[in-house]
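File shown: final.csv. Contents: CSV, C-alpha atoms.
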```csv
chain,number,residue,atom,x,y,z
A,25,MET,CA,0.0,0.0,0.0
A,26,ALA,CA,1.4,3.4,-1.0
A,27,ALA,CA,2.5,5.5,1.9
A,28,ASP,CA,-0.2,8.2,1.5
A,29,LYS,CA,-2.9,6.0,0.0
A,30,VAL,CA,-6.4,6.4,1.3
A,31,VAL,CA,-8.8,3.4,1.4
A,32,LEU,CA,-12.4,3.3,2.6
A,33,LEU,CA,-13.9,0.1,3.8
A,34,SER,CA,-17.7,0.3,3.9
A,35,THR,CA,-21.0,-1.2,2.7
A,36,TRP,CA,-23.2,0.7,0.2
A,37,ALA,CA,-26.2,1.1,2.5
A,38,SER,CA,-24.3,2.3,5.6
A,39,MET,CA,-25.2,5.9,6.4
A,40,PHE,CA,-22.0,6.0,8.5
A,41,GLY,CA,-20.0,5.1,5.4
A,42,MET,CA,-21.8,7.8,3.4
A,43,ARG,CA,-20.6,10.4,5.9
A,44,VAL,CA,-17.0,9.5,5.2
A,45,LYS,CA,-17.7,9.6,1.4
A,46,ILE,CA,-19.2,13.1,1.7
A,47,ALA,CA,-16.3,14.4,3.8
A,48,LEU,CA,-13.7,13.0,1.4
A,49,ALA,CA,-15.6,14.5,-1.6
A,50,GLU,CA,-15.9,17.9,0.1
A,51,LYS,CA,-12.1,17.8,0.6
A,52,GLY,CA,-11.4,16.5,-2.9
A,53,VAL,CA,-9.5,13.5,-1.6
A,54,GLU,CA,-8.9,10.6,-4.0
A,55,TYR,CA,-9.4,7.2,-2.4
A,56,GLU,CA,-10.0,3.6,-3.1
A,57,TYR,CA,-13.4,2.2,-2.1
A,58,LYS,CA,-13.7,-1.4,-1.0
A,59,GLU,CA,-17.2,-2.8,-0.5
A,60,ASP,CA,-17.4,-5.0,2.5
A,61,SER,CA,-20.2,-7.4,3.5
A,62,LEU,CA,-21.8,-7.3,6.9
A,63,ALA,CA,-22.7,-10.9,6.5
A,64,LYS,CA,-19.2,-12.0,5.5
A,65,LYS,CA,-16.6,-9.6,6.8
A,66,SER,CA,-13.4,-9.4,4.8
A,67,PRO,CA,-10.0,-10.3,6.4
A,68,LEU,CA,-8.9,-6.7,5.8
A,69,LEU,CA,-11.8,-5.4,7.8
A,70,LEU,CA,-11.2,-7.8,10.7
A,71,MET,CA,-7.5,-6.9,10.7
A,72,MET,CA,-8.1,-3.1,10.5
A,73,ASN,CA,-11.0,-3.0,13.0
A,74,PRO,CA,-10.5,-6.1,15.3
A,75,ILE,CA,-12.4,-4.5,18.2
A,76,HIS,CA,-15.8,-3.7,16.7
A,77,LYS,CA,-15.4,-5.6,13.4
A,78,LYS,CA,-17.6,-3.1,11.6
A,79,VAL,CA,-17.5,-0.5,8.8
A,80,PRO,CA,-16.7,2.2,8.0
A,81,VAL,CA,-12.9,2.1,8.3
A,82,LEU,CA,-10.6,4.6,6.7
A,83,ILE,CA,-7.1,3.6,6.1
A,84,HIS,CA,-4.6,6.4,5.7
A,85,LYS,CA,-0.8,5.9,5.5
A,86,GLY,CA,-1.5,2.3,6.4
A,87,LYS,CA,-3.2,3.2,9.7
A,88,PRO,CA,-6.9,2.4,10.3
A,89,LEU,CA,-9.4,4.9,11.7
A,90,CYS,CA,-12.8,3.7,13.0
A,91,GLU,CA,-16.1,5.2,13.9
A,92,SER,CA,-17.6,7.6,11.3
A,93,LEU,CA,-17.6,10.8,13.4
A,94,ASN,CA,-14.0,10.3,14.4
A,95,ILE,CA,-13.1,9.7,10.8
A,96,VAL,CA,-14.9,12.8,9.5
A,97,GLN,CA,-13.1,14.9,12.1
A,98,TYR,CA,-9.8,13.4,11.1
A,99,ILE,CA,-10.4,14.1,7.5
A,100,ASP,CA,-11.3,17.8,8.4
A,101,GLU,CA,-8.0,18.1,10.4
A,102,VAL,CA,-5.7,16.4,7.9
A,103,TRP,CA,-7.0,18.1,4.7
A,104,LYS,CA,-7.7,21.4,6.3
A,105,GLU,CA,-6.9,23.6,3.3
A,106,LYS,CA,-10.3,23.1,1.6
A,107,SER,CA,-13.9,23.1,2.8
A,108,PRO,CA,-13.6,23.3,6.6
A,109,LEU,CA,-16.3,21.2,8.2
A,110,PHE,CA,-15.9,22.6,11.7
A,111,PRO,CA,-16.4,26.2,12.8
A,112,SER,CA,-13.3,28.0,14.1
A,113,ASP,CA,-15.0,29.1,17.3
A,114,PRO,CA,-14.4,26.5,20.2
A,115,TYR,CA,-17.9,26.8,21.5
A,116,GLU,CA,-19.4,26.3,18.1
A,117,ARG,CA,-17.2,23.2,17.5
A,118,THR,CA,-18.5,21.8,20.8
A,119,GLN,CA,-22.1,22.4,19.7
A,120,ALA,CA,-21.4,20.7,16.4
A,121,ARG,CA,-20.1,17.6,18.2
A,122,PHE,CA,-23.1,17.6,20.5
A,123,TRP,CA,-25.6,17.6,17.6
A,124,ALA,CA,-23.7,15.0,15.6
A,125,ASP,CA,-23.7,12.8,18.7
A,126,TYR,CA,-27.5,13.4,19.0
A,127,VAL,CA,-27.9,12.1,15.5
A,128,ASP,CA,-26.1,8.9,16.4
A,129,GLN,CA,-27.9,8.4,19.7
A,130,LYS,CA,-31.4,9.3,18.6
A,131,ILE,CA,-32.0,9.3,14.8
A,132,TYR,CA,-30.1,6.0,14.2
A,133,SER,CA,-31.4,4.1,17.2
A,134,VAL,CA,-35.0,5.3,17.1
A,135,GLY,CA,-35.1,5.1,13.3
A,136,ARG,CA,-34.1,1.4,13.5
A,137,ARG,CA,-37.0,0.8,15.8
A,138,VAL,CA,-39.4,2.3,13.2
A,139,TRP,CA,-38.6,-0.5,10.7
A,140,THR,CA,-37.9,-3.4,13.0
A,141,THR,CA,-41.1,-3.2,15.1
A,142,LYS,CA,-44.8,-3.3,14.4
A,143,GLY,CA,-48.1,-2.5,16.1
A,144,LYS,CA,-48.1,-0.3,19.2
A,145,GLU,CA,-44.3,-0.5,19.6
A,146,GLN,CA,-43.9,0.9,16.1
A,147,GLU,CA,-46.4,3.7,16.7
A,148,VAL,CA,-44.4,4.7,19.8
A,149,ALA,CA,-41.2,4.6,17.8
A,150,LYS,CA,-42.7,6.7,14.9
A,151,GLU,CA,-43.8,9.4,17.4
A,152,GLU,CA,-40.4,9.5,19.1
A,153,PHE,CA,-38.6,9.6,15.7
A,154,ILE,CA,-40.7,12.6,14.5
A,155,ASN,CA,-40.1,14.3,17.8
A,156,CYS,CA,-36.3,13.8,17.4
A,157,LEU,CA,-36.4,15.2,13.9
A,158,LYS,CA,-38.4,18.2,15.3
A,159,VAL,CA,-35.6,18.8,17.8
A,160,LEU,CA,-33.2,18.9,14.9
A,161,GLU,CA,-35.5,21.3,13.0
A,162,GLY,CA,-35.3,23.6,16.1
A,163,ALA,CA,-31.5,23.4,16.1
A,164,LEU,CA,-31.5,24.2,12.3
A,165,GLY,CA,-33.9,27.2,12.8
A,166,ASP,CA,-34.0,29.4,9.7
A,167,LYS,CA,-30.3,28.8,8.8
A,168,PRO,CA,-29.4,27.2,5.4
A,169,TYR,CA,-27.2,24.6,7.2
A,170,PHE,CA,-26.8,23.6,10.8
A,171,GLY,CA,-23.6,25.6,11.2
A,172,GLY,CA,-25.0,28.7,9.5
A,173,GLU,CA,-24.2,29.7,5.9
A,174,GLU,CA,-21.7,26.9,5.3
A,175,PHE,CA,-22.2,23.1,5.0
A,176,GLY,CA,-20.5,21.5,7.9
A,177,PHE,CA,-20.0,18.7,10.4
A,178,VAL,CA,-23.7,18.3,11.6
A,179,ASP,CA,-24.9,18.4,8.0
A,180,VAL,CA,-22.4,15.6,7.0
A,181,SER,CA,-23.6,13.6,10.1
A,182,LEU,CA,-27.3,13.8,9.4
A,183,ILE,CA,-27.8,14.0,5.6
A,184,PRO,CA,-27.0,10.3,4.9
A,185,PHE,CA,-30.1,9.4,6.8
A,186,TYR,CA,-32.1,11.1,4.1
A,187,SER,CA,-31.4,8.1,1.9
A,188,TRP,CA,-33.2,6.0,4.6
A,189,PHE,CA,-36.2,8.2,5.1
A,190,TYR,CA,-38.2,6.5,2.3
A,191,ALA,CA,-37.6,3.2,4.0
A,192,TYR,CA,-38.8,4.5,7.4
A,193,GLU,CA,-41.8,6.1,5.8
A,194,THR,CA,-42.7,2.9,3.8
A,195,CYS,CA,-42.4,0.6,6.9
A,196,GLY,CA,-44.1,3.0,9.2
A,197,ASN,CA,-46.7,4.4,6.8
A,198,PHE,CA,-46.1,8.1,7.5
A,199,SER,CA,-44.7,11.2,5.9
A,200,ILE,CA,-41.6,12.9,7.3
A,201,GLU,CA,-42.1,16.0,5.0
A,202,ALA,CA,-45.6,16.5,6.4
A,203,LYS,CA,-44.3,16.6,9.9
A,204,CYS,CA,-40.9,18.3,9.3
A,205,PRO,CA,-41.0,20.4,6.2
A,206,LYS,CA,-38.0,22.5,7.2
A,207,LEU,CA,-35.8,19.5,7.6
A,208,ILE,CA,-36.8,18.2,4.1
A,209,ALA,CA,-36.1,21.6,2.6
A,210,TRP,CA,-32.6,21.4,4.3
A,211,ALA,CA,-32.1,17.9,2.9
A,212,ASN,CA,-33.0,19.1,-0.6
A,213,ARG,CA,-30.6,21.9,-0.3
A,214,CYS,CA,-27.8,19.5,0.7
A,215,MET,CA,-28.7,17.2,-2.2
A,216,LYS,CA,-27.7,20.0,-4.6
A,217,ARG,CA,-24.1,19.6,-3.5
A,218,GLU,CA,-22.3,17.1,-5.7
A,219,SER,CA,-20.4,15.7,-2.7
A,220,VAL,CA,-23.8,14.7,-1.2
A,221,SER,CA,-25.7,13.6,-4.3
A,222,LYS,CA,-22.9,11.3,-5.5
A,223,SER,CA,-22.3,9.8,-2.0
A,224,LEU,CA,-25.8,8.9,-0.9
A,225,ALA,CA,-27.4,5.5,-1.7
A,226,ASP,CA,-30.6,5.4,-3.8
A,227,PRO,CA,-33.6,5.6,-1.4
A,228,GLN,CA,-35.6,3.0,-3.4
A,229,ARG,CA,-32.6,0.6,-3.2
A,230,VAL,CA,-32.3,1.2,0.5
A,231,CYS,CA,-36.0,0.6,1.0
A,232,ASP,CA,-35.9,-2.7,-0.9
A,233,TYR,CA,-32.9,-3.7,1.2
A,234,VAL,CA,-34.8,-2.9,4.4
A,235,LEU,CA,-37.9,-4.8,3.4
A,236,GLN,CA,-35.7,-7.8,2.7
A,237,LEU,CA,-34.1,-7.5,6.1
A,238,LYS,CA,-37.6,-7.2,7.7
A,239,LYS,CA,-38.7,-10.4,6.0
A,240,ARG,CA,-35.5,-12.2,7.1
A,241,ILE,CA,-35.9,-11.2,10.8
A,242,GLY,CA,-39.6,-11.9,10.7
```
Rewrite the coordinates I just gave you, this time as structure tokens.
Amino acid sequence: MAADKVVLLSTWASMFGMRVKIALAEKGVEYEYKEDSLAKKSPLLLMMNPIHKKVPVLIHKGKPLCESLNIVQYIDEVWKEKSPLFPSDPYERTQARFWADYVDQKIYSVGRRVWTTKGKEQEVAKEEFINCLKVLEGALGDKPYFGGEEFGFVDVSLIPFYSWFYAYETCGNFSIEAKCPKLIAWANRCMKRESVSKSLADPQRVCDYVLQLKKRIG
């Protein structure tokens, strides 16, 4: 492996892997993408992430980096000449980390319950999911992006979930746009960026994948 080579191990449907793709695209970093399977993990993945054994993993200069938010922060610090993802103000940086963590703790976990449950449990999950999205709408306010005028860390953290929204809506029989129009307007704004549109998985393909998983887990 070349000394400065950049390799991304991920799987196509991973919103966490999509984060890394967006960050690399924003910075204009060339990299090699290696598709990995969650069902049959590659020897390279097991070697590079022996603790959690999951994607995404970014390999830079032969060294692995794990956990998507850590990876995005690393990318921003190493390739700092172009498209900064974090604000310069220490307080604002802390706020960005807070909201990105909120996305991981709430949007991912509650969203998963929307498509893995049914009946009353699913109804509770749907309500909690919408409430979490409304909290994010409040944080966004009337700004174009979460950090203000510039696309940044929180946007990178949340926008990959947009490719999963259709699956959530299909499984839960509800409309996110009807409940959170500002958030969908923000998502559409993000999708106009080439770094985002070329990095996100097709919503229909994600939905088909989720429906197959639902059938498999019963």
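Of the listed residues (A:Lys216, A:Lys142, A:Arg121, A:Lys206), A:Lys206 comes nearest to A:Leu157; the distances count all atoms listed in the file.
A straight line drawn from atom CA of A:Lys158 to atom CA of A:Pro227 is 21.5 Å long.
The interatomic distance for the pair atom CA of A:Leu62 and atom CA of A:Ser38 works out to 10.0 Å.
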*Which one is closest to A:Ile83: A:Lys29, A:Ala120, A:Glu173, A:Met71? Count all atoms listed in the file.*
A:Lys29
Against stretch 174-191 of chain A, which residues of stretch 79-105 of chain A fall within 10 Å? For each one I want the closest pair of atoms and the distance in Å (one decimal), counting only C-alpha atoms, rows by chain and increasing residue number, as a Markdown table.
```
| residue | atom | partner | partner_atom | distance |
| --- | --- | --- | --- | --- |
| A:Ser92 | CA | A:Ser181 | CA | 8.6 |
| A:Leu93 | CA | A:Ser181 | CA | 7.4 |
| A:Val96 | CA | A:Phe177 | CA | 7.9 |
| A:Gln97 | CA | A:Phe177 | CA | 8.1 |
| A:Asp100 | CA | A:Phe177 | CA | 9.0 |
```
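Minimum distance to A:Pro80 across A:Gly172, A:Gly41, A:Pro205, A:Gly165 (counting all atoms listed in the file) occurs at A:Gly41.
The coordinates place atom CA of A:Val220 at 14.5 Å from atom CA of A:Ile208.
Using all atoms listed in the file, the shortest contact distance between A:Ser199 and any of A:Tyr98, A:Phe153, A:Tyr169, A:Tyr233 is found at A:Phe153.
Minimum distance to A:Leu48 across A:Ala124, A:Lys65, A:Lys222, A:Leu164 (counting only C-alpha atoms) occurs at A:Lys222.
Candidate residues A:Phe122, A:Asn155, A:Cys204, A:Glu50 were compared for distance to A:Gly135, and the nearest is A:Asn155, using all atoms listed in the file.
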